[in-house]
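**Student:** Below you will find the structure I want to go over with you.
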Amino acid sequence: MLLNKKLVAAGAVAAASALILSGVSVSTANAAGTVTLNLATVNNGQMKDMETLKGVFEKENPGIKVNFQVMEEGDLRSAVTADVANAAGQYDIVTIGAYEVPQWGANGWLTNLSPSLNADKKYDVKDILPPIRTALSVKGKQYAVPFYGESSILMYNKQIMDKAGIKIPNHPTWQQIYDIAKKVNTADHSGICMRGKPGWGDLFAPLTTVVQTFGGNWYDMKWNAGVNSPAFTKAVTFYKDLLDTAGEKDPVSYSFNECLTALKNAKTAMWVDASVAASMLEANDSPVKGKMGYAHAPVVKTKESGWLWSWNLAVPANTQHKDAAIKFIKWATSKDYHKLVGTKLGWTLVPPGARTSTYSIPQYKKAAAAFAPITLEVMSAVNPAHPGVAPQPWVGIQYVAIPEFQDVGNQVAQLVADALAGRKSIKDALDAGQKIAQAAGDAHK
Amino acid sequence: MTSITPVELKARHSKIAKKNVWLSRSLILPALVFGIVLTQIPFLVTIYFSMLRWNLLMPGQIGFAWFKNYETVFTSGDLIPSLAATVGITTAAVLLSLACGLIFALLLDRKFRGQALARTLVITPFLIMPAAASLIWKYSMFDTGIGVINWAVTSLGFQPIAWSTDYPMATVIIVLTWQFTPFMMLILLAGLQSQSKEVLEAASVDGAGPIRTFQWMTLPHLRQYIEISVLLGTIMLLQVFDPVAIMTKGTGGTKTLAYLLYERAFIGLDVGQAAAYGVVTVVLTLIVATIALKTLFKVFMAGGNR
């Protein structure tokens, strides 16, 4: 019995680690010659729309089936990274962020798409927004195509603001937003909703932009960490103060989707987050359609404080169905796909921030009049090479483009979440965070 | 015709016995080999991995690191809080679900109409996938906007409770208790139903009230059932992961060993470090299991007079 228990315990852990470490490879081609593409993606609205429309692609391309595996952002990131880094080959198409593309491309994990994209006149690769195309390329080789791109903007419920007699400027400051949030905060709805769920892509996406506009940053030009610097501390203190005074009640549970639901149901008055949310707020089934206002992300010391992000489709280097996979990602990011979404699902749902031509489709211009101009305006105004007050040694706004960052960001986010809940002082949390960040920074000196 | 002497007979018997032993051993052998291959080889590989400097994100820097990863495990300061979280969550959830399980078992042990239906309903939480259970609790119960609990709290005129933010430990323990109460209940119910009715009748004839009967007759009878349900529940709850990953993300002292391992492997993407954590976890589990089982056996032995 005792021996048995030992065997079982050791076996379970060992087997689990072996599974983790070797990855599970899944064969996807079946006997009939049909190719099934496994696509890993994030559970955002636009991706789910793609899943709804995949039948059109499958009809046009008999012999190719696309199998969607939809996951939460954090889960997607870890599953895909482990799979691609191990060359396990579970996925033929992966959805990855702007953070991963250049790093993975340089590691040789992704298929170079440039030859195929440049050869295809109809695809018109130059139509993709230039800043995004730059972010997805390494030394002239493009490793992914943007499914949609986004910045961050302020979204607010106009009815609540009108009732309170408040007019929000197009370029607000954080102090103004703090005062407004405090004023419109009631028992029924919070004044503002901001991400609090620990994770570098959750809490730290908006928080890093706040830190940067307060004049702080993760690292200076010599890779010295600045997590417990006065500016970083001031920004985190402001964030906590804002949430405590007028934020949602349970920040650790809240990220993009939770805040979106809250704003849709008038459970919050304002929200600073991904601009792509605007298209969901203006969708036909949204209860707040036409009742929303949009403005630039609030600032303190910088001119702009929006982030730059794109969710992209890429083909891992070791997939067995490279041609079919490239065919699908070109279809899903083509001009025709944008028109297909417009006619089938509604023009507000067209993936934004990816193609310049999208912004000149008359139906889209009309349907997305509330948020299309500001999206394009902010996306062309932000500077990913120098988003903060001081210069930084990497390109990227709400993240640090080094492999260690997801680990560092995640650990510091947990510390900050403890501070948000009041279990730790902000100073203690950031002092501990500084050590973690410096260890990673030392590797890049 | 020669008669067989008893000595010869014994020898012949032992020969047959030996043959039988080898036959039964050879029948088990494939399973044994399979078991060893399946459990021990991956474990050895894990030990080997734990000595590598291998981060998936830095493919150019793979190399042998000897005990560097173990040094990190013991000096990073993550291990002890994580052990505390695991022990705390497991103990609280086991005790609470045991208490609730006992109450439900006692209620279900009575005869009433719709008993079978009630039993099925009470068992349901145990049949739900842990991840689904956590999601149900996150949105339908704990949410500050649409959750049932906070609806009740605010209806009574109180401020809504920020479960995951302010009470992460309680959040995890409540979900686990909800899930494991049926498990405890099933074992205890089996115990109750195996209790001899005559003993209870005799007690009532002797004038013992329900409380005294429970305390002096039922509880001693249930003792070994309680012990086994605590043991099994502890083994299952030690691996708790889902509510932590879905609701608290390891904040507020809820970073259990399983979640810490996941973080090192899937967020840190550090294969060497994750393997080292895995090895340390196995060693710790073996120590704890050995001590726990030994104490438990002692309890079983000493419980002869019940």
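Lettering and numbering for the structure tokens are positional, with chains as A, B, ... in the shown order, residues counted from 1 in each chain, and ligands counted from 1 in the shown order.
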If we count only C-alpha atoms, which residues of chain B reach to within 8 Å of chain A? Please list them as an MDAnalysis selection string.
**Tutor:** chainID B and resid 38:40 42:43 45:46 56:59 143:145 160:166 247:252 265:269 271 275 278 282 285:286 289:290 293
**Student:** Could you please take those selected residues and save C-alpha atoms as a short mmCIF file (atom, residue, chain, number, x, y, z; two decimals), in the first residue's frame?
**Tutor:**
data_model
loop_
_atom_site.label_atom_id
_atom_site.label_comp_id
_atom_site.auth_asym_id
_atom_site.auth_seq_id
_atom_site.Cartn_x
_atom_site.Cartn_y
_atom_site.Cartn_z
CA LEU B 38 5.42 4.61 -17.59
CA THR B 39 6.35 6.04 -14.21
CA GLN B 40 10.06 5.64 -13.57
CA PRO B 42 9.80 9.93 -17.14
CA PHE B 43 10.87 10.55 -13.58
CA VAL B 45 14.17 12.16 -17.44
CA THR B 46 12.69 14.83 -15.18
CA LEU B 56 12.30 27.53 -24.03
CA LEU B 57 12.53 31.20 -24.97
CA MET B 58 16.31 31.15 -25.14
CA PRO B 59 17.11 28.22 -27.43
CA ASP B 143 -19.27 38.29 -9.40
CA THR B 144 -19.87 41.75 -7.97
CA GLY B 145 -22.28 42.66 -10.77
CA PRO B 160 -20.85 43.82 -2.34
CA ILE B 161 -17.95 41.54 -1.41
CA ALA B 162 -14.88 41.51 -3.67
CA TRP B 163 -14.23 37.80 -3.30
CA SER B 164 -11.16 37.23 -5.51
CA THR B 165 -9.53 40.51 -4.54
CA ASP B 166 -10.12 40.68 -0.81
CA MET B 247 -10.14 32.96 -9.97
CA THR B 248 -7.21 34.23 -7.93
CA LYS B 249 -4.19 33.71 -10.22
CA GLY B 250 -2.08 32.82 -7.21
CA THR B 251 -2.53 36.12 -5.39
CA GLY B 252 -3.18 36.53 -1.69
CA ALA B 265 6.76 25.70 -16.74
CA PHE B 266 4.24 27.65 -18.81
CA ILE B 267 4.79 31.31 -17.98
CA GLY B 268 8.48 31.27 -17.07
CA LEU B 269 8.92 28.58 -19.75
CA VAL B 271 12.07 23.68 -18.30
CA ALA B 275 11.64 20.08 -13.50
CA GLY B 278 8.73 18.85 -9.83
CA VAL B 282 7.80 14.54 -5.38
CA THR B 285 5.07 14.47 -1.15
CA LEU B 286 6.81 11.18 -0.39
CA ALA B 289 2.74 10.70 2.56
CA THR B 290 5.01 8.34 4.50
CA LEU B 293 0.20 6.99 6.26
#
**Student:** Mind checking DSSP for stretch 55-264 of chain B and telling me the helix (DSSP H, G or I) residues as a ChimeraX atom specification?
**Tutor:** /B:59-61,68-75,79-108,115-127,130-142,148-155,163-166,168-193,197-205,210-237,242-248,257-264
**Student:** Name the closest residue to B:Phe183 among the candidates B:Ser229, B:Ser14, B:Ser134, B:Thr256; distances are taken between atoms, counting only C-alpha atoms.
**Tutor:**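 Ranking B:Ser229, B:Ser14, B:Ser134, B:Thr256 by distance to B:Phe183, first place goes to B:Ser229.
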**Student:** Go through B:Gly191, B:Ala208, B:Leu95, B:Tyr277 and flag the residue nearest B:Ser76, using only C-alpha atoms for the distances.
**Tutor:**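 Closest candidate: B:Tyr277.
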**Student:** Any idea what's packed within 7 Å of B:Leu188, counting only C-alpha atoms, ignoring anything in its chain fewer than 5 positions away? Could you give it as a ChimeraX atom specification?
**Tutor:** /B:102,105,222,225-226
**Student:** So that I can see what lies close to A:Val211, please list as a ChimeraX atom specification the residues with an atom at most 10 Å from it, counting only C-alpha atoms and leaving out residues fewer than 3 positions away in the same chain.
**Tutor:** /A:204,206-208,214-218,227,231-236,238-239,300,305,388,398
**Student:** Contacts of B:Pro243 at 8 Å or less, counting only C-alpha atoms, minus same-chain residues fewer than 2 places along, as a PyMOL selection string?
**Tutor:** chain B and resi 130-131+134+172+175-176+240-241+245-248
**Student:** Taking the chain letters and numbering used in this document, name the residues of stretch 49-94 of chain B that DSSP puts in strand (DSSP E or B), as a list in words.
**Tutor:** Leu52, Arg53, Asn55, Gly63 and Phe64 of chain B
**Student:** Please measure the separation of atom CA of A:Leu308 and atom CA of A:Cys193, giving the value in Å to one decimal.
**Tutor:** 20.1 Å
**Student:** Could you check the closest approach to A:Phe328 for each of A:Asn61, A:Asn383, A:Thr268, A:Ser114 and tell me which residue wins, using only C-alpha atoms?
**Tutor:**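 The closest residue to A:Phe328 is A:Asn61.
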**Student:** Compile the contact shell of A:Val389 as a ChimeraX atom specification: residues with an atom at most 8 Å away, counting only C-alpha atoms, same-chain residues fewer than 2 positions apart removed.
**Tutor:** /A:212-213,215-216,301-302,386-387,391
